[in-house]
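For reference, final_10.tsv (TSV, C-alpha atoms):
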```tsv
chain	number	residue	atom	x	y	z
A	19	MET	CA	0.00	0.00	0.00
A	20	PRO	CA	1.23	3.51	-0.67
A	21	GLU	CA	2.22	5.62	2.33
A	22	PRO	CA	-0.20	8.28	3.58
A	23	THR	CA	0.84	11.65	2.31
A	24	ARG	CA	-1.46	14.09	4.05
A	25	SER	CA	-4.95	14.57	5.44
A	26	ILE	CA	-7.48	17.22	6.36
A	27	ARG	CA	-10.17	16.94	9.03
A	28	VAL	CA	-13.18	19.27	8.99
A	29	ARG	CA	-16.60	19.56	10.53
A	30	CYS	CA	-19.53	18.35	8.44
A	31	GLU	CA	-20.62	21.73	7.12
A	32	ARG	CA	-21.18	22.77	3.51
A	33	ALA	CA	-19.00	25.82	4.03
A	34	ASN	CA	-16.03	23.48	4.45
A	35	LEU	CA	-16.26	22.21	0.87
A	36	ALA	CA	-14.25	25.15	-0.45
A	37	PRO	CA	-11.39	24.74	2.09
A	38	ILE	CA	-11.26	21.04	1.21
A	39	ARG	CA	-10.93	21.95	-2.48
A	40	ARG	CA	-8.10	24.39	-1.72
A	41	PHE	CA	-6.31	21.63	0.23
A	42	VAL	CA	-6.70	19.16	-2.63
A	43	GLU	CA	-5.68	21.72	-5.27
A	44	THR	CA	-2.45	22.41	-3.42
A	45	TRP	CA	-1.63	18.72	-3.58
A	46	PHE	CA	-2.46	18.58	-7.29
A	47	ASP	CA	-0.12	21.50	-7.92
A	48	GLU	CA	2.68	19.68	-6.14
A	49	LEU	CA	2.00	16.56	-8.20
A	50	ALA	CA	1.96	18.71	-11.35
A	51	LEU	CA	-1.22	17.03	-12.57
A	52	ALA	CA	-2.51	18.16	-15.95
A	53	PRO	CA	-5.13	20.89	-15.43
A	54	ARG	CA	-7.94	18.95	-17.12
A	55	LEU	CA	-7.34	15.86	-14.99
A	56	ALA	CA	-6.89	17.94	-11.84
A	57	GLY	CA	-10.18	19.69	-12.49
A	58	GLN	CA	-12.03	16.41	-12.92
A	59	LEU	CA	-10.53	14.83	-9.80
A	60	LEU	CA	-11.42	17.94	-7.81
A	61	VAL	CA	-15.06	17.53	-8.81
A	62	ALA	CA	-15.09	13.83	-7.85
A	63	VAL	CA	-13.62	14.51	-4.40
A	64	ASP	CA	-15.95	17.46	-3.84
A	65	GLU	CA	-18.97	15.32	-4.75
A	66	VAL	CA	-18.22	12.57	-2.22
A	67	CYS	CA	-17.44	15.14	0.48
A	68	ALA	CA	-20.74	16.92	-0.23
A	69	ASN	CA	-22.61	13.61	0.00
A	70	VAL	CA	-21.01	12.75	3.32
A	71	ILE	CA	-21.71	16.21	4.75
A	72	VAL	CA	-25.28	16.59	3.50
A	73	HIS	CA	-26.64	13.03	3.39
A	74	GLY	CA	-24.37	11.00	5.65
A	75	ASN	CA	-24.13	13.52	8.47
A	76	HIS	CA	-27.07	15.88	7.84
A	77	GLU	CA	-24.76	18.90	8.08
A	78	ASN	CA	-24.17	18.27	11.77
A	79	PRO	CA	-21.16	20.43	12.76
A	80	ASN	CA	-20.44	18.08	15.68
A	81	GLN	CA	-19.63	15.37	13.16
A	82	TRP	CA	-16.27	15.31	11.38
A	83	LEU	CA	-14.91	14.00	8.13
A	84	THR	CA	-11.33	13.20	7.29
A	85	LEU	CA	-9.93	13.22	3.77
A	86	ARG	CA	-6.64	11.41	3.15
A	87	LEU	CA	-4.63	11.92	-0.02
A	88	ARG	CA	-2.25	9.20	-1.10
A	89	ARG	CA	-0.07	8.78	-4.12
A	90	ALA	CA	1.37	5.66	-5.66
A	91	PRO	CA	3.49	5.19	-8.78
A	92	ALA	CA	0.51	4.45	-10.97
A	93	CYS	CA	-2.43	6.09	-9.21
A	94	VAL	CA	-3.73	8.71	-6.81
A	95	ILE	CA	-6.05	7.65	-3.99
A	96	PHE	CA	-8.56	9.69	-2.02
A	97	GLU	CA	-9.94	8.24	1.21
A	98	LEU	CA	-12.85	9.85	2.97
A	99	LEU	CA	-13.67	8.74	6.51
A	100	ASP	CA	-16.72	9.66	8.57
A	101	ARG	CA	-19.05	8.24	11.19
A	102	GLY	CA	-22.38	9.20	9.69
A	103	VAL	CA	-25.07	7.08	8.13
A	104	PRO	CA	-23.40	4.33	6.09
A	105	PHE	CA	-23.97	4.72	2.37
A	106	GLU	CA	-25.03	1.71	0.33
A	107	PRO	CA	-24.52	2.75	-3.29
A	108	PRO	CA	-26.75	1.38	-6.00
A	109	PRO	CA	-25.03	-0.30	-8.96
A	110	PHE	CA	-23.72	2.32	-11.34
A	111	SER	CA	-25.42	2.79	-14.67
A	112	PRO	CA	-24.86	5.64	-17.13
A	113	PRO	CA	-27.46	8.37	-16.55
A	114	ASP	CA	-30.23	9.48	-18.86
A	115	VAL	CA	-29.57	13.18	-18.33
A	116	ALA	CA	-32.43	14.22	-20.65
A	117	ARG	CA	-34.77	12.46	-18.24
A	118	TYR	CA	-33.29	14.45	-15.34
A	119	ILE	CA	-34.17	17.61	-17.27
A	120	ARG	CA	-37.73	16.43	-17.99
A	121	GLU	CA	-38.19	15.49	-14.34
A	122	ARG	CA	-36.67	18.80	-13.15
A	123	ARG	CA	-34.35	17.00	-10.79
A	124	LYS	CA	-31.95	19.04	-8.70
A	125	GLY	CA	-29.80	16.19	-7.48
A	126	GLY	CA	-28.72	12.67	-8.18
A	127	LEU	CA	-25.84	13.24	-10.58
A	128	GLY	CA	-23.03	13.66	-8.06
A	129	LEU	CA	-22.16	10.01	-7.69
A	130	THR	CA	-22.58	9.59	-11.44
A	131	LEU	CA	-19.87	12.18	-11.99
A	132	VAL	CA	-17.66	10.36	-9.50
A	133	HIS	CA	-18.05	7.07	-11.37
A	134	LEU	CA	-17.46	8.67	-14.76
A	135	ILE	CA	-14.28	10.39	-13.53
A	136	MET	CA	-12.65	7.79	-11.28
A	137	ASP	CA	-11.31	4.34	-12.18
A	138	ARG	CA	-12.42	2.73	-8.93
A	139	VAL	CA	-15.08	3.79	-6.41
A	140	GLU	CA	-15.36	1.83	-3.15
A	141	PHE	CA	-17.63	2.25	-0.14
A	142	LEU	CA	-16.30	0.26	2.82
A	143	HIS	CA	-16.92	-0.09	6.54
A	144	GLU	CA	-13.86	0.03	8.76
A	145	ALA	CA	-13.42	-2.18	11.81
A	146	ASP	CA	-13.77	0.84	14.12
A	147	ASP	CA	-17.22	1.52	12.68
A	148	ALA	CA	-16.13	4.36	10.41
A	149	ASN	CA	-17.32	4.66	6.83
A	150	LEU	CA	-14.57	4.71	4.24
A	151	CYS	CA	-15.07	5.94	0.69
A	152	ARG	CA	-12.02	5.27	-1.44
A	153	LEU	CA	-11.60	6.80	-4.90
A	154	THR	CA	-8.76	5.68	-7.13
A	155	LYS	CA	-7.56	7.21	-10.38
A	156	ASN	CA	-4.90	5.60	-12.52
A	157	VAL	CA	-2.31	8.18	-13.44
A	158	SER	CA	1.39	8.18	-14.20
A	159	LEU	CA	3.37	10.29	-11.74
A	160	ASP	CA	7.02	11.03	-12.16
B	29	MET	CA	-20.49	33.08	-5.35
B	30	ASN	CA	-21.55	36.52	-6.48
B	31	ILE	CA	-24.45	36.88	-8.89
B	32	THR	CA	-24.93	40.14	-10.75
B	33	GLN	CA	-28.17	40.68	-12.65
B	34	GLU	CA	-28.54	42.93	-15.66
B	35	SER	CA	-31.78	43.28	-17.56
B	36	ALA	CA	-32.36	45.03	-20.86
B	37	ALA	CA	-35.57	44.71	-22.87
B	38	ASP	CA	-36.25	40.98	-23.28
B	39	THR	CA	-32.91	39.75	-21.96
B	40	LEU	CA	-31.73	38.98	-18.43
B	41	THR	CA	-28.02	38.42	-17.96
B	42	LEU	CA	-26.72	36.70	-14.82
B	43	ARG	CA	-23.00	37.14	-14.28
B	44	LEU	CA	-21.63	34.42	-12.02
B	45	GLN	CA	-18.44	34.98	-10.09
B	46	GLY	CA	-16.77	32.36	-7.93
B	47	GLU	CA	-17.56	28.73	-7.27
B	48	LEU	CA	-20.87	26.94	-7.67
B	49	ASP	CA	-20.91	24.01	-5.24
B	50	ALA	CA	-23.30	22.36	-2.79
B	51	SER	CA	-22.88	25.37	-0.51
B	52	SER	CA	-23.46	28.18	-3.01
B	53	ALA	CA	-25.93	26.59	-5.43
B	54	VAL	CA	-28.89	27.49	-3.24
B	55	GLY	CA	-28.41	31.19	-3.88
B	56	LEU	CA	-28.41	30.75	-7.64
B	57	ASP	CA	-31.46	28.50	-7.46
B	58	ASP	CA	-33.34	31.24	-5.60
B	59	VAL	CA	-32.60	33.65	-8.45
B	60	LEU	CA	-33.27	31.28	-11.34
B	61	SER	CA	-36.45	29.80	-9.84
B	62	ALA	CA	-38.14	33.17	-9.41
B	63	ASP	CA	-41.29	33.62	-11.50
B	64	GLU	CA	-40.06	36.95	-12.90
B	65	VAL	CA	-37.16	35.26	-14.67
B	66	THR	CA	-39.35	33.57	-17.26
B	67	ARG	CA	-40.89	36.89	-18.22
B	68	PHE	CA	-37.69	37.46	-20.19
B	69	ARG	CA	-37.38	35.87	-23.63
B	70	ARG	CA	-33.78	34.97	-22.98
B	71	VAL	CA	-31.62	34.41	-19.93
B	72	LEU	CA	-27.89	34.59	-20.54
B	73	ILE	CA	-25.51	33.05	-18.01
B	74	ASP	CA	-22.12	34.75	-18.06
B	75	CYS	CA	-19.66	32.10	-16.90
B	76	THR	CA	-16.51	34.13	-17.57
B	77	ASN	CA	-15.69	34.35	-13.86
B	78	LEU	CA	-17.24	31.04	-12.82
B	79	ASP	CA	-14.26	29.08	-11.54
B	80	TYR	CA	-15.91	25.83	-10.49
B	81	ILE	CA	-19.11	23.85	-10.82
B	82	SER	CA	-20.26	20.63	-9.14
B	83	SER	CA	-23.40	18.56	-9.61
B	84	ALA	CA	-25.26	20.83	-7.21
B	85	GLY	CA	-24.58	23.75	-9.55
B	86	LEU	CA	-25.55	21.73	-12.61
B	87	GLY	CA	-28.72	20.70	-10.79
B	88	VAL	CA	-29.86	24.32	-10.64
B	89	PHE	CA	-29.82	24.53	-14.44
B	90	ILE	CA	-31.11	20.98	-15.00
B	91	SER	CA	-34.11	21.51	-12.71
B	92	ASN	CA	-35.08	24.83	-14.31
B	93	LEU	CA	-34.50	24.11	-18.00
B	94	GLN	CA	-37.85	22.45	-18.70
B	95	ARG	CA	-39.70	25.33	-17.03
B	96	PHE	CA	-37.79	27.80	-19.20
B	97	GLN	CA	-38.60	25.87	-22.35
B	98	GLU	CA	-42.29	25.72	-21.49
B	99	ALA	CA	-42.31	29.46	-20.84
B	100	GLY	CA	-40.62	30.22	-24.18
B	101	THR	CA	-37.48	31.52	-22.48
B	102	SER	CA	-34.12	30.51	-23.89
B	103	LEU	CA	-31.22	29.72	-21.56
B	104	VAL	CA	-27.78	30.37	-23.02
B	105	PHE	CA	-24.37	30.04	-21.37
B	106	PHE	CA	-21.34	31.95	-22.57
B	107	GLY	CA	-17.70	32.57	-21.61
B	108	MET	CA	-17.34	29.17	-19.95
B	109	GLN	CA	-13.85	28.21	-18.77
B	110	GLU	CA	-12.56	24.89	-20.09
B	111	LYS	CA	-12.61	23.22	-16.66
B	112	VAL	CA	-16.25	24.18	-16.15
B	113	TYR	CA	-17.27	23.16	-19.67
B	114	ASN	CA	-15.59	19.80	-19.10
B	115	VAL	CA	-18.03	19.01	-16.26
B	116	PHE	CA	-20.97	19.65	-18.62
B	117	GLU	CA	-19.23	17.42	-21.20
B	118	ILE	CA	-18.69	14.50	-18.83
B	119	LEU	CA	-22.45	14.22	-18.31
B	120	GLY	CA	-23.39	15.00	-21.92
B	121	LEU	CA	-25.03	18.26	-20.90
B	122	ASP	CA	-23.11	20.13	-23.59
B	123	ALA	CA	-25.45	18.48	-26.10
B	124	LEU	CA	-28.60	19.36	-24.15
B	125	MET	CA	-27.88	22.97	-23.23
B	126	THR	CA	-26.88	25.94	-25.36
B	127	ILE	CA	-23.29	26.91	-24.64
B	128	VAL	CA	-21.50	29.47	-26.81
B	129	ASP	CA	-18.20	31.33	-26.60
B	130	THR	CA	-19.10	34.99	-26.35
B	131	GLN	CA	-21.82	37.30	-25.17
B	132	ASP	CA	-22.37	38.43	-28.76
B	133	ALA	CA	-22.85	34.82	-29.84
B	134	ALA	CA	-25.27	34.31	-26.94
B	135	ARG	CA	-27.33	37.32	-28.02
B	136	ALA	CA	-27.34	36.05	-31.59
B	137	GLN	CA	-28.97	32.76	-30.62
B	138	PRO	CA	-32.48	32.45	-32.06
B	139	LEU	CA	-35.31	32.96	-29.61
B	140	PRO	CA	-37.62	30.02	-28.99
B	141	ASN	CA	-41.01	30.11	-30.66
B	142	ALA	CA	-43.49	32.00	-28.53
```
Can you dump the structure from the file as structure tokens?
Amino acid sequence: MPEPTRSIRVRCERANLAPIRRFVETWFDELALAPRLAGQLLVAVDEVCANVIVHGNHENPNQWLTLRLRRAPACVIFELLDRGVPFEPPPFSPPDVARYIRERRKGGLGLTLVHLIMDRVEFLHEADDANLCRLTKNVSLD
Amino acid sequence: MNITQESAADTLTLRLQGELDASSAVGLDDVLSADEVTRFRRVLIDCTNLDYISSAGLGVFISNLQRFQEAGTSLVFFGMQEKVYNVFEILGLDALMTIVDTQDAARAQPLPNA
């Protein structure tokens, strides 16, 4: 397993999404990721953090989430830990976005974006009862 | 997220500045969902200074588009940065929404049939 590189721990509040993005962007800059890839990965990480904050923890500021960033020779890994409501994802299928428009839906595309961007999306339960969402993207790093 | 509104004749222009995420999307939804908005024939979204969009931001446009179409109001985006456009592309929204380069091109888009 690759070594942990760094992590950020924030309260489960929507206002913390922007600071999380700044933290992740700094790491991307250091890795010298291509801007297009960096932009996509930022969206994927933001989407899972938003889900954990809003749905998993109901924006309870007494709840915390931790995001760990790891690098390996052939991939980057994002691990999101929290102690909110465990998420049981449905099987992924490509979305019919035209139907979303007809049905005037505000939400439901976040996890779709995550699946379309990342190479692997895992929702796990840790032994200490924490939820772990792990996103992996294959990428060559020098 | 700052939203500046400019109206002239049949056109409302919303200039977005900042990041549109699960925290800031609510403010834009309040503006776009207002009844008065569909009194305009066209609503132009200036994305020149929009630095980020997530699914929550996209959801504001997705959930209002049908209402706009039924009201005969066109919704046109312009000045979109590549990284923002890419999020529309990933979901195929670039084929379902009108996205052009410049404000002039946005104004030149045909109006929907009344």
task = Enumerate as a ChimeraX atom specification the residues belonging to chain A that approach chain B to within 8 Å, with all atoms listed in the file taken into account.
result = /A:32-33,35,53-54,57-58,61,64-65,68,113,115-116,118-125,127-128,131,134
Would you put the residues from that selection into a file with C-alpha atoms, as a PDB file, in the frame of the given file?
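Produced file again-v9.pdb, reproduced below:
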```
ATOM      1  CA  ARG A  32     -21.180  22.770   3.510  1.00  0.00           C
ATOM      2  CA  ALA A  33     -19.000  25.820   4.030  1.00  0.00           C
ATOM      3  CA  LEU A  35     -16.260  22.210   0.870  1.00  0.00           C
ATOM      4  CA  PRO A  53      -5.130  20.890 -15.430  1.00  0.00           C
ATOM      5  CA  ARG A  54      -7.940  18.950 -17.120  1.00  0.00           C
ATOM      6  CA  GLY A  57     -10.180  19.690 -12.490  1.00  0.00           C
ATOM      7  CA  GLN A  58     -12.030  16.410 -12.920  1.00  0.00           C
ATOM      8  CA  VAL A  61     -15.060  17.530  -8.810  1.00  0.00           C
ATOM      9  CA  ASP A  64     -15.950  17.460  -3.840  1.00  0.00           C
ATOM     10  CA  GLU A  65     -18.970  15.320  -4.750  1.00  0.00           C
ATOM     11  CA  ALA A  68     -20.740  16.920  -0.230  1.00  0.00           C
ATOM     12  CA  PRO A 113     -27.460   8.370 -16.550  1.00  0.00           C
ATOM     13  CA  VAL A 115     -29.570  13.180 -18.330  1.00  0.00           C
ATOM     14  CA  ALA A 116     -32.430  14.220 -20.650  1.00  0.00           C
ATOM     15  CA  TYR A 118     -33.290  14.450 -15.340  1.00  0.00           C
ATOM     16  CA  ILE A 119     -34.170  17.610 -17.270  1.00  0.00           C
ATOM     17  CA  ARG A 120     -37.730  16.430 -17.990  1.00  0.00           C
ATOM     18  CA  GLU A 121     -38.190  15.490 -14.340  1.00  0.00           C
ATOM     19  CA  ARG A 122     -36.670  18.800 -13.150  1.00  0.00           C
ATOM     20  CA  ARG A 123     -34.350  17.000 -10.790  1.00  0.00           C
ATOM     21  CA  LYS A 124     -31.950  19.040  -8.700  1.00  0.00           C
ATOM     22  CA  GLY A 125     -29.800  16.190  -7.480  1.00  0.00           C
ATOM     23  CA  LEU A 127     -25.840  13.240 -10.580  1.00  0.00           C
ATOM     24  CA  GLY A 128     -23.030  13.660  -8.060  1.00  0.00           C
ATOM     25  CA  LEU A 131     -19.870  12.180 -11.990  1.00  0.00           C
ATOM     26  CA  LEU A 134     -17.460   8.670 -14.760  1.00  0.00           C
TER      27      LEU A 134
END
```
inquiry  = Can you tell me which residues surround A:Trp45 at a distance of at most 10 Å, considering all atoms listed in the file, apart from same-chain residues fewer than 6 positions away, and format the answer as a ChimeraX atom specification?
reply    = /A:23-24,39,51,56,87-88
query = Near stretch 97-106 of chain A, within 7 Å and counting all atoms listed in the file, which residues show up once chain neighbours fewer than 4 positions away are dropped, as a VMD selection string?
reply = chain A and resid 74 to 75 82 to 87 148 to 153
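Picture a line from atom CA of A:Val28 to atom CA of B:Leu56; it runs 25.3 Å.
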ask   = Quick one: distance from atom CA of B:Thr130 to atom CA of B:Gly46 in Å, one decimal?
value =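 About the pair atom CA of B:Thr130 and atom CA of B:Gly46: they are 18.8 Å apart.
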inquiry  = Would you pick out the contacts of B:Gln45 at 12 Å or less, using only C-alpha atoms, so that residues sharing its chain but fewer than 5 positions from it are not included, and give the list as an NGL selection string?
reply    = :B and (29-33 or 52 or 56 or 73-81 or 107-109)
message = Using all atoms listed in the file, which protein or nucleic acid residues come within 9 Å of B:Ala134? Drop anything in the same chain fewer than 4 positions from it, and give the result as a list in words.
response =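 The residues satisfying every condition are Leu72, Val104, Phe105, Phe106, Thr126, Ile127, Val128, Asp129 and Thr130 of chain B.
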ask   = atom CA of A:Arg117 and atom CA of A:Leu129 are how many Å apart?
value = 16.6 Å
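Of the residues listed (B:Asp38, B:Ala133, B:Pro140, B:Phe96), B:Phe96 shows the shortest atom-to-atom separation from B:Ser61; distances use all atoms listed in the file.
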query = B:Gly55, B:Phe116, B:Ala37, B:Gln137: which is nearest B:Ser102, counting only C-alpha atoms?
reply =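 For B:Ser102, the nearest of the given residues is B:Gln137.
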